[in-house]
Amino acid sequence: MSINQGIKPITTEEKENLTIGGCDLKELAKKYGTPLYVIDEQTLRTICKEYKSAFSNYKNIKMMYASKALCTGAITRILDEEGFGFDTVSAGEIYTVYKAGVDMSHVLFNGNNKSASELELALNYKVGRFSVDNFHEAEMLNRIAAQKKVTADILLRITPGIECHTHNYIQTGQIDSKFGFDLSQIDDIISLIIERYKNLNIKGLHAHIGSQIFELQSYHDEVDILVREISRINNKFGLKLNEMNIGGGLGVKYTNNDTPPSIEELAKAVTDAMHKYSTEIPTIYIEPGRSIVSTAGVTLYTAGSSKTTSNGKKYVAVDGGMADNPRPSMYQAEYTAQVVNKINYTEKETVTIAGRYCESGDILISEISLPKLEAGDIICIFNTGAYNYSMASNYNRVEKPAMVLVNNSHSDIIVYRETLDNLISHDNIPDRLRKYD
Ligand code: LLP
């Protein structure tokens with residue numbers, strides 16, 4: 001079984017309390033406070049190795065971790081040590097991987113509206129590839145590269161016209177997507193590059209069909225389209241494009257209702273689709289984000305107030321919610337949980353885990369059967385490694401949680417908890433409004 005097919009980190013154990021990476025989660029909650037993001041290093045490294053070995057029979061493969069799923073200095077170091085490159089989408093992500101010591105030729109810059117200053121920063125840091133998304137960006141990148149007297153190696157992001165069955169907000173490959181060139185625009189952009197944009201060097205094509213994908217057929221179709229387009233372009237324009245980026249998207253198992261394919265199955269679908277073609281085998285880039293970090297991460301919360309409504313619905317509120325995990329309120333995402341300090345309790349009740357934020361929609365899990373909760377109990381929500389911290393906000397002026405890395409019964413802080421002073425550190429009160437000096 002691949003790690004993305006399990007709900008919990010692989011080191012999870014039920015002892016007196018729940019433990020991960022050999023660390024007692026109740027002790028972690030006491031030491032670092034809650035809410036607390038916990039990342040299991042062994043799960044993270046094991047899944048990286050699974051990706052590497054699953055694709056090992058295809059020699060021209062480049063693994064690029066999609067930083068948007070979770071981007072911090074320590075996480076970047078681990079992915080770099082495991083031999084991954086980085087798919088980045090902002091100056092902030094580029095700066096994070098640069099400061100973490102990554103070889104910038106292993107970095108790709110993606111995004112549908114990169115600013116001139118971001119393109120300039122990426123050229124200064126010598127990122128390896130730009131995935132050019134649209135006509136405006138092509139003109140701008142060429143102009144900035146020409147000013148700097150450099151050439152940018154690019155992929156062209158295309159919209160392959162594939163609809164996969166995932167939440168509408170995280171579908172990207174469909175015809176009316178905001179991302180990439182339509183297939184009907186490719187020849188125009190290539191002609192422009194050949195004739196006028198002399199500081200752009202096209203290496204290949206890029207597509208990304210969506211996220212939390214369970215159907216391998218979508219990848220088959222995507223590879224087919226990319227290979228056909230590359231060979232058509234090479235024939236028509238006399239070019240030698242030999243790189244294709246198939247994006248990310250492999251799903252994970254948040255609850256028992258989710259049935260993602262394994263990483264081996266994904267690798268087989270992609271490489272089988274490739275081997276159908278006898279043409280020269282191009283370099284394939286793959287950009288997984290969620291399936292790399294999601295299962296390695298959990299979030300710990302402390303139970304607080306509770307309420308039973310007149311029609312018998314029971315809410316237990318925790319000290320976090322939609323600001324540290326916006327996925328339930330944004331995508332109706334479902335999660336599962338355990339009570340860290342009540343592992344062997346057999347008496348259960350059905351509760352809704354509510355967040356602390358001032359919105360009725362701030363519900364983390366609706367209707368889950370858990371041991372009877374009391375204030376002070378520690379609740380562990382699984383599979384929160386991806387798109388939780390990276391989409392966290394300071395809604396209600398609440399400090400973002402800390403993050404710890406656990407391994408071999410040891411824990412290290414990798415993101416400090418925000419303080420109240422952090423929260424006001426960017427405020428400015430104009431002199432005429434000041435009460436104190
Ligand atoms: N490559 C590109 C061009 C992408 O846009 C994405 C994700 C990835 C790779 C990584 O996809 P993954 O392997 O993580 O599925 N916030 C949403 C997910 C948005 C994904 C955006 N793009 C969520 O929480 O479900």
# chains A, B, ... in the order shown; residues from 1 in each chain; ligands from 1
call {"tool": "residues_near_ligand", "arguments": {"ligand": "ligand 1", "cutoff": "9 Å", "atoms": "only C-alpha atoms and all ligand atoms", "output": "JSON list (two decimals) with N, CA and C atoms, in the first residue's frame"}}
result
[["chain", "number", "residue", "atom", "x", "y", "z"],
["A", 64, "MET", "N", 9.51, 17.28, -9.10],
["A", 64, "MET", "CA", 9.49, 18.66, -8.59],
["A", 64, "MET", "C", 8.40, 18.72, -7.53],
["A", 65, "TYR", "N", 8.76, 18.97, -6.30],
["A", 65, "TYR", "CA", 7.74, 19.09, -5.24],
["A", 65, "TYR", "C", 6.99, 20.41, -5.41],
["A", 66, "ALA", "N", 5.66, 20.36, -5.42],
["A", 66, "ALA", "CA", 4.85, 21.58, -5.54],
["A", 66, "ALA", "C", 4.82, 22.29, -4.19],
["A", 67, "SER", "N", 5.67, 23.28, -4.05],
["A", 67, "SER", "CA", 5.85, 23.95, -2.74],
["A", 67, "SER", "C", 4.57, 24.53, -2.18],
["A", 68, "LYS", "N", 3.62, 24.84, -3.06],
["A", 68, "LYS", "CA", 2.40, 25.48, -2.56],
["A", 68, "LYS", "C", 1.68, 24.62, -1.53],
["A", 69, "ALA", "N", 1.92, 23.30, -1.54],
["A", 69, "ALA", "CA", 1.24, 22.44, -0.58],
["A", 69, "ALA", "C", 1.71, 22.73, 0.85],
["A", 87, "ASP", "N", 8.66, 23.10, -7.61],
["A", 87, "ASP", "CA", 7.73, 23.90, -8.41],
["A", 87, "ASP", "C", 7.31, 25.05, -7.51],
["A", 88, "THR", "N", 7.61, 26.29, -7.94],
["A", 88, "THR", "CA", 7.30, 27.46, -7.11],
["A", 88, "THR", "C", 6.33, 28.36, -7.87],
["A", 89, "VAL", "N", 5.60, 29.19, -7.14],
["A", 89, "VAL", "CA", 4.60, 30.04, -7.80],
["A", 89, "VAL", "C", 4.62, 31.49, -7.32],
["A", 110, "ASN", "N", 6.14, 28.72, -11.86],
["A", 110, "ASN", "CA", 4.81, 28.56, -12.43],
["A", 110, "ASN", "C", 3.92, 29.72, -12.06],
["A", 111, "GLY", "N", 2.74, 29.82, -12.66],
["A", 111, "GLY", "CA", 1.76, 30.81, -12.19],
["A", 111, "GLY", "C", 1.13, 31.56, -13.35],
["A", 131, "SER", "N", 7.52, 28.28, -16.44],
["A", 131, "SER", "CA", 6.38, 27.75, -17.17],
["A", 131, "SER", "C", 5.56, 28.96, -17.59],
["A", 157, "ARG", "N", 2.71, 26.49, -20.72],
["A", 157, "ARG", "CA", 1.60, 25.86, -20.00],
["A", 157, "ARG", "C", 0.40, 25.80, -20.94],
["A", 167, "HIS", "N", -13.19, 18.53, -6.98],
["A", 167, "HIS", "CA", -13.95, 19.74, -6.68],
["A", 167, "HIS", "C", -13.69, 20.80, -7.75],
["A", 169, "TYR", "N", -13.24, 23.91, -7.74],
["A", 169, "TYR", "CA", -12.22, 24.92, -7.46],
["A", 169, "TYR", "C", -10.81, 24.39, -7.69],
["A", 170, "ILE", "N", -10.64, 23.08, -7.70],
["A", 170, "ILE", "CA", -9.27, 22.56, -7.87],
["A", 170, "ILE", "C", -9.12, 21.78, -9.17],
["A", 171, "GLN", "N", -10.06, 22.00, -10.12],
["A", 171, "GLN", "CA", -9.91, 21.50, -11.50],
["A", 171, "GLN", "C", -9.17, 22.56, -12.27],
["A", 172, "THR", "N", -8.21, 22.18, -13.09],
["A", 172, "THR", "CA", -7.46, 23.21, -13.81],
["A", 172, "THR", "C", -7.30, 22.94, -15.29],
["A", 179, "PHE", "N", -6.02, 28.94, -16.52],
["A", 179, "PHE", "CA", -4.59, 28.67, -16.65],
["A", 179, "PHE", "C", -4.20, 28.29, -18.08],
["A", 206, "HIS", "N", 3.83, 22.09, -20.66],
["A", 206, "HIS", "CA", 3.44, 21.84, -19.28],
["A", 206, "HIS", "C", 1.91, 21.82, -19.19],
["A", 207, "ALA", "N", 1.38, 20.89, -18.41],
["A", 207, "ALA", "CA", -0.07, 20.90, -18.13],
["A", 207, "ALA", "C", -0.26, 20.43, -16.69],
["A", 208, "HIS", "N", -1.37, 20.78, -16.13],
["A", 208, "HIS", "CA", -1.73, 20.29, -14.78],
["A", 208, "HIS", "C", -3.25, 20.17, -14.81],
["A", 209, "ILE", "N", -3.77, 18.96, -14.57],
["A", 209, "ILE", "CA", -5.19, 18.77, -14.83],
["A", 209, "ILE", "C", -6.08, 18.97, -13.60],
["A", 210, "GLY", "N", -5.49, 19.04, -12.43],
["A", 210, "GLY", "CA", -6.31, 19.24, -11.24],
["A", 210, "GLY", "C", -5.66, 18.60, -10.04],
["A", 211, "SER", "N", -6.39, 18.58, -8.94],
["A", 211, "SER", "CA", -5.82, 18.12, -7.68],
["A", 211, "SER", "C", -6.80, 17.17, -7.01],
["A", 212, "GLN", "N", -6.28, 16.31, -6.13],
["A", 212, "GLN", "CA", -7.07, 15.28, -5.46],
["A", 212, "GLN", "C", -7.76, 14.39, -6.53],
["A", 213, "ILE", "N", -6.92, 13.89, -7.45],
["A", 213, "ILE", "CA", -7.40, 13.08, -8.57],
["A", 213, "ILE", "C", -7.32, 11.59, -8.21],
["A", 245, "ASN", "N", 5.89, 18.49, -18.77],
["A", 245, "ASN", "CA", 5.59, 18.54, -17.34],
["A", 245, "ASN", "C", 4.13, 18.16, -17.18],
["A", 246, "ILE", "N", 3.88, 17.06, -16.45],
["A", 246, "ILE", "CA", 2.49, 16.58, -16.34],
["A", 246, "ILE", "C", 1.79, 17.10, -15.09],
["A", 247, "GLY", "N", 2.45, 18.02, -14.34],
["A", 247, "GLY", "CA", 1.80, 18.62, -13.17],
["A", 247, "GLY", "C", 1.73, 17.66, -12.00],
["A", 248, "GLY", "N", 0.84, 17.96, -11.06],
["A", 248, "GLY", "CA", 0.70, 17.11, -9.87],
["A", 248, "GLY", "C", -0.67, 16.49, -9.85],
["A", 249, "GLY", "N", -1.27, 16.37, -8.67],
["A", 249, "GLY", "CA", -2.68, 16.01, -8.62],
["A", 249, "GLY", "C", -3.05, 14.72, -7.93],
["A", 250, "LEU", "N", -2.10, 13.78, -7.73],
["A", 250, "LEU", "CA", -2.50, 12.49, -7.14],
["A", 250, "LEU", "C", -3.22, 12.71, -5.81],
["A", 251, "GLY", "N", -4.34, 12.03, -5.64],
["A", 251, "GLY", "CA", -5.17, 12.20, -4.45],
["A", 251, "GLY", "C", -4.62, 11.50, -3.22],
["A", 286, "ILE", "N", 7.30, 15.81, -13.02],
["A", 286, "ILE", "CA", 6.05, 15.59, -12.28],
["A", 286, "ILE", "C", 6.09, 16.45, -11.02],
["A", 287, "GLU", "N", 4.97, 17.06, -10.68],
["A", 287, "GLU", "CA", 4.94, 18.08, -9.62],
["A", 287, "GLU", "C", 3.96, 17.74, -8.51],
["A", 288, "PRO", "N", 4.15, 16.66, -7.78],
["A", 288, "PRO", "CA", 3.20, 16.34, -6.71],
["A", 288, "PRO", "C", 3.36, 17.27, -5.51],
["A", 289, "GLY", "N", 2.28, 17.65, -4.90],
["A", 289, "GLY", "CA", 2.32, 18.47, -3.69],
["A", 289, "GLY", "C", 1.61, 17.74, -2.57],
["A", 290, "ARG", "N", 0.26, 17.66, -2.70],
["A", 290, "ARG", "CA", -0.57, 17.06, -1.66],
["A", 290, "ARG", "C", -0.09, 15.65, -1.29],
["A", 291, "SER", "N", 0.13, 14.79, -2.32],
["A", 291, "SER", "CA", 0.44, 13.39, -2.01],
["A", 291, "SER", "C", 1.80, 13.24, -1.34],
["A", 292, "ILE", "N", 2.65, 14.28, -1.38],
["A", 292, "ILE", "CA", 3.94, 14.21, -0.69],
["A", 292, "ILE", "C", 3.78, 14.55, 0.80],
["A", 293, "VAL", "N", 3.04, 15.61, 1.11],
["A", 293, "VAL", "CA", 3.05, 16.09, 2.50],
["A", 293, "VAL", "C", 1.78, 15.87, 3.30],
["A", 294, "SER", "N", 0.68, 15.54, 2.62],
["A", 294, "SER", "CA", -0.58, 15.53, 3.36],
["A", 294, "SER", "C", -0.60, 14.50, 4.48],
["A", 325, "ASN", "N", -7.12, 25.66, 9.07],
["A", 325, "ASN", "CA", -7.52, 24.67, 8.05],
["A", 325, "ASN", "C", -8.78, 25.15, 7.32],
["A", 326, "PRO", "N", -8.59, 25.93, 6.25],
["A", 326, "PRO", "CA", -9.77, 26.45, 5.54],
["A", 326, "PRO", "C", -10.43, 25.45, 4.62],
["A", 327, "ARG", "N", -9.90, 24.24, 4.51],
["A", 327, "ARG", "CA", -10.39, 23.30, 3.49],
["A", 327, "ARG", "C", -11.84, 22.85, 3.70],
["A", 330, "MET", "N", -13.94, 25.80, 2.57],
["A", 330, "MET", "CA", -13.78, 26.16, 1.15],
["A", 330, "MET", "C", -14.24, 25.08, 0.18],
["A", 331, "TYR", "N", -13.91, 23.82, 0.51],
["A", 331, "TYR", "CA", -14.16, 22.74, -0.46],
["A", 331, "TYR", "C", -15.06, 21.65, 0.11],
["A", 333, "ALA", "N", -14.33, 19.85, 2.42],
["A", 333, "ALA", "CA", -13.40, 18.72, 2.62],
["A", 333, "ALA", "C", -13.74, 17.99, 3.92],
["A", 386, "ALA", "N", -0.97, 19.03, 3.88],
["A", 386, "ALA", "CA", -1.00, 19.84, 2.66],
["A", 386, "ALA", "C", -2.11, 20.87, 2.71],
["A", 387, "TYR", "N", -1.83, 22.06, 2.23],
["A", 387, "TYR", "CA", -2.83, 23.12, 2.05],
["A", 387, "TYR", "C", -3.56, 23.48, 3.34],
["A", 388, "ASN", "N", -2.91, 23.30, 4.48],
["A", 388, "ASN", "CA", -3.48, 23.80, 5.73],
["A", 388, "ASN", "C", -2.64, 25.00, 6.15],
["A", 390, "SER", "N", -0.25, 26.27, 4.53],
["A", 390, "SER", "CA", 0.00, 27.15, 3.37],
["A", 390, "SER", "C", -1.20, 28.03, 3.04],
["A", 391, "MET", "N", -2.38, 27.67, 3.48],
["A", 391, "MET", "CA", -3.55, 28.53, 3.22],
["A", 391, "MET", "C", -4.05, 29.19, 4.52]]
call {"tool": "closest_atom_pairs", "arguments": {"of": "range 386-409 of chain A", "to": "range 315-323 of chain A", "cutoff": "12 Å", "atoms": "only C-alpha atoms", "output": "JSON lines"}}
result
{"residue": "A:Tyr387", "atom": "CA", "partner": "A:Ala323", "partner_atom": "CA", "distance": 11.6}
{"residue": "A:Asn388", "atom": "CA", "partner": "A:Ala323", "partner_atom": "CA", "distance": 8.7}
{"residue": "A:Tyr389", "atom": "CA", "partner": "A:Ala323", "partner_atom": "CA", "distance": 9.0}
{"residue": "A:Ser390", "atom": "CA", "partner": "A:Ala323", "partner_atom": "CA", "distance": 10.6}
{"residue": "A:Met391", "atom": "CA", "partner": "A:Ala323", "partner_atom": "CA", "distance": 8.1}
{"residue": "A:Ala392", "atom": "CA", "partner": "A:Ala323", "partner_atom": "CA", "distance": 5.2}
{"residue": "A:Ser393", "atom": "CA", "partner": "A:Ala323", "partner_atom": "CA", "distance": 5.0}
{"residue": "A:Asn394", "atom": "CA", "partner": "A:Ala323", "partner_atom": "CA", "distance": 6.3}
{"residue": "A:Tyr395", "atom": "CA", "partner": "A:Ala323", "partner_atom": "CA", "distance": 5.9}
{"residue": "A:Asn396", "atom": "CA", "partner": "A:Ala323", "partner_atom": "CA", "distance": 8.5}
{"residue": "A:Arg397", "atom": "CA", "partner": "A:Ala323", "partner_atom": "CA", "distance": 9.7}
{"residue": "A:Val398", "atom": "CA", "partner": "A:Ala323", "partner_atom": "CA", "distance": 8.2}
{"residue": "A:Glu399", "atom": "CA", "partner": "A:Ala323", "partner_atom": "CA", "distance": 9.4}
{"residue": "A:Lys400", "atom": "CA", "partner": "A:Ala323", "partner_atom": "CA", "distance": 7.9}
{"residue": "A:Pro401", "atom": "CA", "partner": "A:Gly320", "partner_atom": "CA", "distance": 8.7}
{"residue": "A:Ala402", "atom": "CA", "partner": "A:Gly320", "partner_atom": "CA", "distance": 12.0}
call {"tool": "write_last_selection", "arguments": {"atoms": "C-alpha atoms", "output": "PDB file, in the first residue's frame"}}
result
ATOM      1  CA  TYR A 387      -2.830  23.120   2.048  1.00  0.00           C
ATOM      2  CA  ASN A 388      -3.476  23.799   5.730  1.00  0.00           C
ATOM      3  CA  TYR A 389      -0.519  25.883   6.935  1.00  0.00           C
ATOM      4  CA  SER A 390       0.004  27.145   3.374  1.00  0.00           C
ATOM      5  CA  MET A 391      -3.545  28.534   3.224  1.00  0.00           C
ATOM      6  CA  ALA A 392      -3.734  29.628   6.875  1.00  0.00           C
ATOM      7  CA  SER A 393      -4.823  33.172   7.717  1.00  0.00           C
ATOM      8  CA  ASN A 394      -5.003  35.472  10.701  1.00  0.00           C
ATOM      9  CA  TYR A 395      -8.785  35.717  10.555  1.00  0.00           C
ATOM     10  CA  ASN A 396     -10.209  37.128  13.786  1.00  0.00           C
ATOM     11  CA  ARG A 397      -6.668  38.381  14.495  1.00  0.00           C
ATOM     12  CA  VAL A 398      -5.595  34.975  15.789  1.00  0.00           C
ATOM     13  CA  GLU A 399      -1.932  33.916  15.795  1.00  0.00           C
ATOM     14  CA  LYS A 400      -0.971  31.171  13.301  1.00  0.00           C
ATOM     15  CA  PRO A 401      -0.004  27.879  15.007  1.00  0.00           C
ATOM     16  CA  ALA A 402       3.482  26.459  15.433  1.00  0.00           C
TER      17      ALA A 402
END
call {"tool": "residues_around", "arguments": {"residues": "range 6-21 of chain A", "least_positions_apart": "4", "cutoff": "10 Å", "atoms": "only C-alpha atoms", "output": "MDAnalysis selection string"}}
result
chainID A and resid 1:2 25:28 38:44 46 252:256 258:260 294:298 335:344 378:384 405:411
call {"tool": "closest_residue", "arguments": {"among": "A:Asn134, A:Ser262, A:Asn199, A:Thr76", "to": "Ala100 in chain A", "atoms": "only C-alpha atoms"}}
result
A:Thr76
call {"tool": "select_by_dssp", "arguments": {"residues": "range 230-366 of chain A", "states": "strand (DSSP E or B)", "output": "MDAnalysis selection string"}}
result
chainID A and resid 243:245 250 283:286 297:308 314:318 337:339 348:354 363:366
call {"tool": "atom_distance", "arguments": {"atom1": "CA of Ile3 in chain A", "atom2": "CA of Ile47 in chain A"}}
result
6.2 Å
call {"tool": "closest_atom_pairs", "arguments": {"of": "range 179-276 of chain A", "to": "range 144-151 of chain A", "cutoff": "12 Å", "atoms": "only C-alpha atoms", "output": "CSV"}}
result
residue,atom,partner,partner_atom,distance
A:Arg196,CA,A:Ala146,CA,11.4
A:Tyr197,CA,A:Ala146,CA,9.0
A:Lys198,CA,A:Thr151,CA,7.9
A:Asn199,CA,A:Thr151,CA,4.5
A:Leu200,CA,A:Thr151,CA,5.6
A:Asn201,CA,A:Thr151,CA,6.6
A:Ile202,CA,A:Thr151,CA,10.2
A:Lys203,CA,A:Thr151,CA,12.0
call {"tool": "write_last_selection", "arguments": {"atoms": "N, CA and C atoms", "output": "PDB file, in the first residue's frame"}}
result
ATOM      1  N   ARG A 196      10.090  36.690 -32.686  1.00  0.00           N
ATOM      2  CA  ARG A 196      10.378  37.941 -31.959  1.00  0.00           C
ATOM      3  C   ARG A 196      10.986  37.778 -30.573  1.00  0.00           C
ATOM      4  N   TYR A 197      10.649  36.694 -29.876  1.00  0.00           N
ATOM      5  CA  TYR A 197      11.103  36.596 -28.489  1.00  0.00           C
ATOM      6  C   TYR A 197      12.388  35.777 -28.428  1.00  0.00           C
ATOM      7  N   LYS A 198      13.487  36.443 -28.831  1.00  0.00           N
ATOM      8  CA  LYS A 198      14.759  35.712 -28.990  1.00  0.00           C
ATOM      9  C   LYS A 198      15.378  35.320 -27.646  1.00  0.00           C
ATOM     10  N   ASN A 199      14.880  35.891 -26.546  1.00  0.00           N
ATOM     11  CA  ASN A 199      15.460  35.547 -25.241  1.00  0.00           C
ATOM     12  C   ASN A 199      14.665  34.471 -24.509  1.00  0.00           C
ATOM     13  N   LEU A 200      13.754  33.839 -25.249  1.00  0.00           N
ATOM     14  CA  LEU A 200      13.040  32.687 -24.681  1.00  0.00           C
ATOM     15  C   LEU A 200      13.447  31.436 -25.452  1.00  0.00           C
ATOM     16  N   ASN A 201      13.767  30.405 -24.708  1.00  0.00           N
ATOM     17  CA  ASN A 201      14.193  29.147 -25.323  1.00  0.00           C
ATOM     18  C   ASN A 201      13.175  28.058 -24.943  1.00  0.00           C
ATOM     19  N   ILE A 202      12.336  27.631 -25.899  1.00  0.00           N
ATOM     20  CA  ILE A 202      11.269  26.676 -25.541  1.00  0.00           C
ATOM     21  C   ILE A 202      11.847  25.275 -25.431  1.00  0.00           C
ATOM     22  N   LYS A 203      11.619  24.657 -24.266  1.00  0.00           N
ATOM     23  CA  LYS A 203      12.122  23.291 -24.039  1.00  0.00           C
ATOM     24  C   LYS A 203      10.987  22.272 -24.136  1.00  0.00           C
TER      25      LYS A 203
END
call {"tool": "residues_around", "arguments": {"residues": "Leu364 in chain A", "least_positions_apart": "5", "cutoff": "7 Å", "atoms": "only C-alpha atoms", "output": "ChimeraX atom specification"}}
result
/A:321,328,353-355
call {"tool": "write_last_selection", "arguments": {"atoms": "N, CA, C and O atoms", "output": "PDB file, in the first residue's frame"}}
result
ATOM      1  N   GLY A 321      -9.443  26.133  13.774  1.00  0.00           N
ATOM      2  CA  GLY A 321     -10.572  26.028  12.853  1.00  0.00           C
ATOM      3  C   GLY A 321     -10.222  26.569  11.487  1.00  0.00           C
ATOM      4  O   GLY A 321      -9.123  26.342  10.976  1.00  0.00           O
ATOM      5  N   PRO A 328     -12.275  22.551   4.941  1.00  0.00           N
ATOM      6  CA  PRO A 328     -13.693  22.164   5.086  1.00  0.00           C
ATOM      7  C   PRO A 328     -14.639  23.288   4.646  1.00  0.00           C
ATOM      8  O   PRO A 328     -15.618  23.032   3.951  1.00  0.00           O
ATOM      9  N   ILE A 353     -17.223  18.707  15.357  1.00  0.00           N
ATOM     10  CA  ILE A 353     -16.081  19.483  15.853  1.00  0.00           C
ATOM     11  C   ILE A 353     -16.137  20.865  15.207  1.00  0.00           C
ATOM     12  O   ILE A 353     -15.942  21.010  13.998  1.00  0.00           O
ATOM     13  N   ALA A 354     -16.430  21.864  16.042  1.00  0.00           N
ATOM     14  CA  ALA A 354     -16.560  23.228  15.534  1.00  0.00           C
ATOM     15  C   ALA A 354     -15.281  24.003  15.778  1.00  0.00           C
ATOM     16  O   ALA A 354     -14.559  23.744  16.750  1.00  0.00           O
ATOM     17  N   GLY A 355     -14.997  24.956  14.882  1.00  0.00           N
ATOM     18  CA  GLY A 355     -13.843  25.828  15.065  1.00  0.00           C
ATOM     19  C   GLY A 355     -14.194  26.977  16.002  1.00  0.00           C
ATOM     20  O   GLY A 355     -15.345  27.123  16.445  1.00  0.00           O
TER      21      GLY A 355
END
call {"tool": "residues_around", "arguments": {"residues": "Ile233 in chain A", "least_positions_apart": "6", "cutoff": "10 Å", "atoms": "only C-alpha atoms", "output": "ChimeraX atom specification"}}
result
/A:186-187,190,204,227,239-241
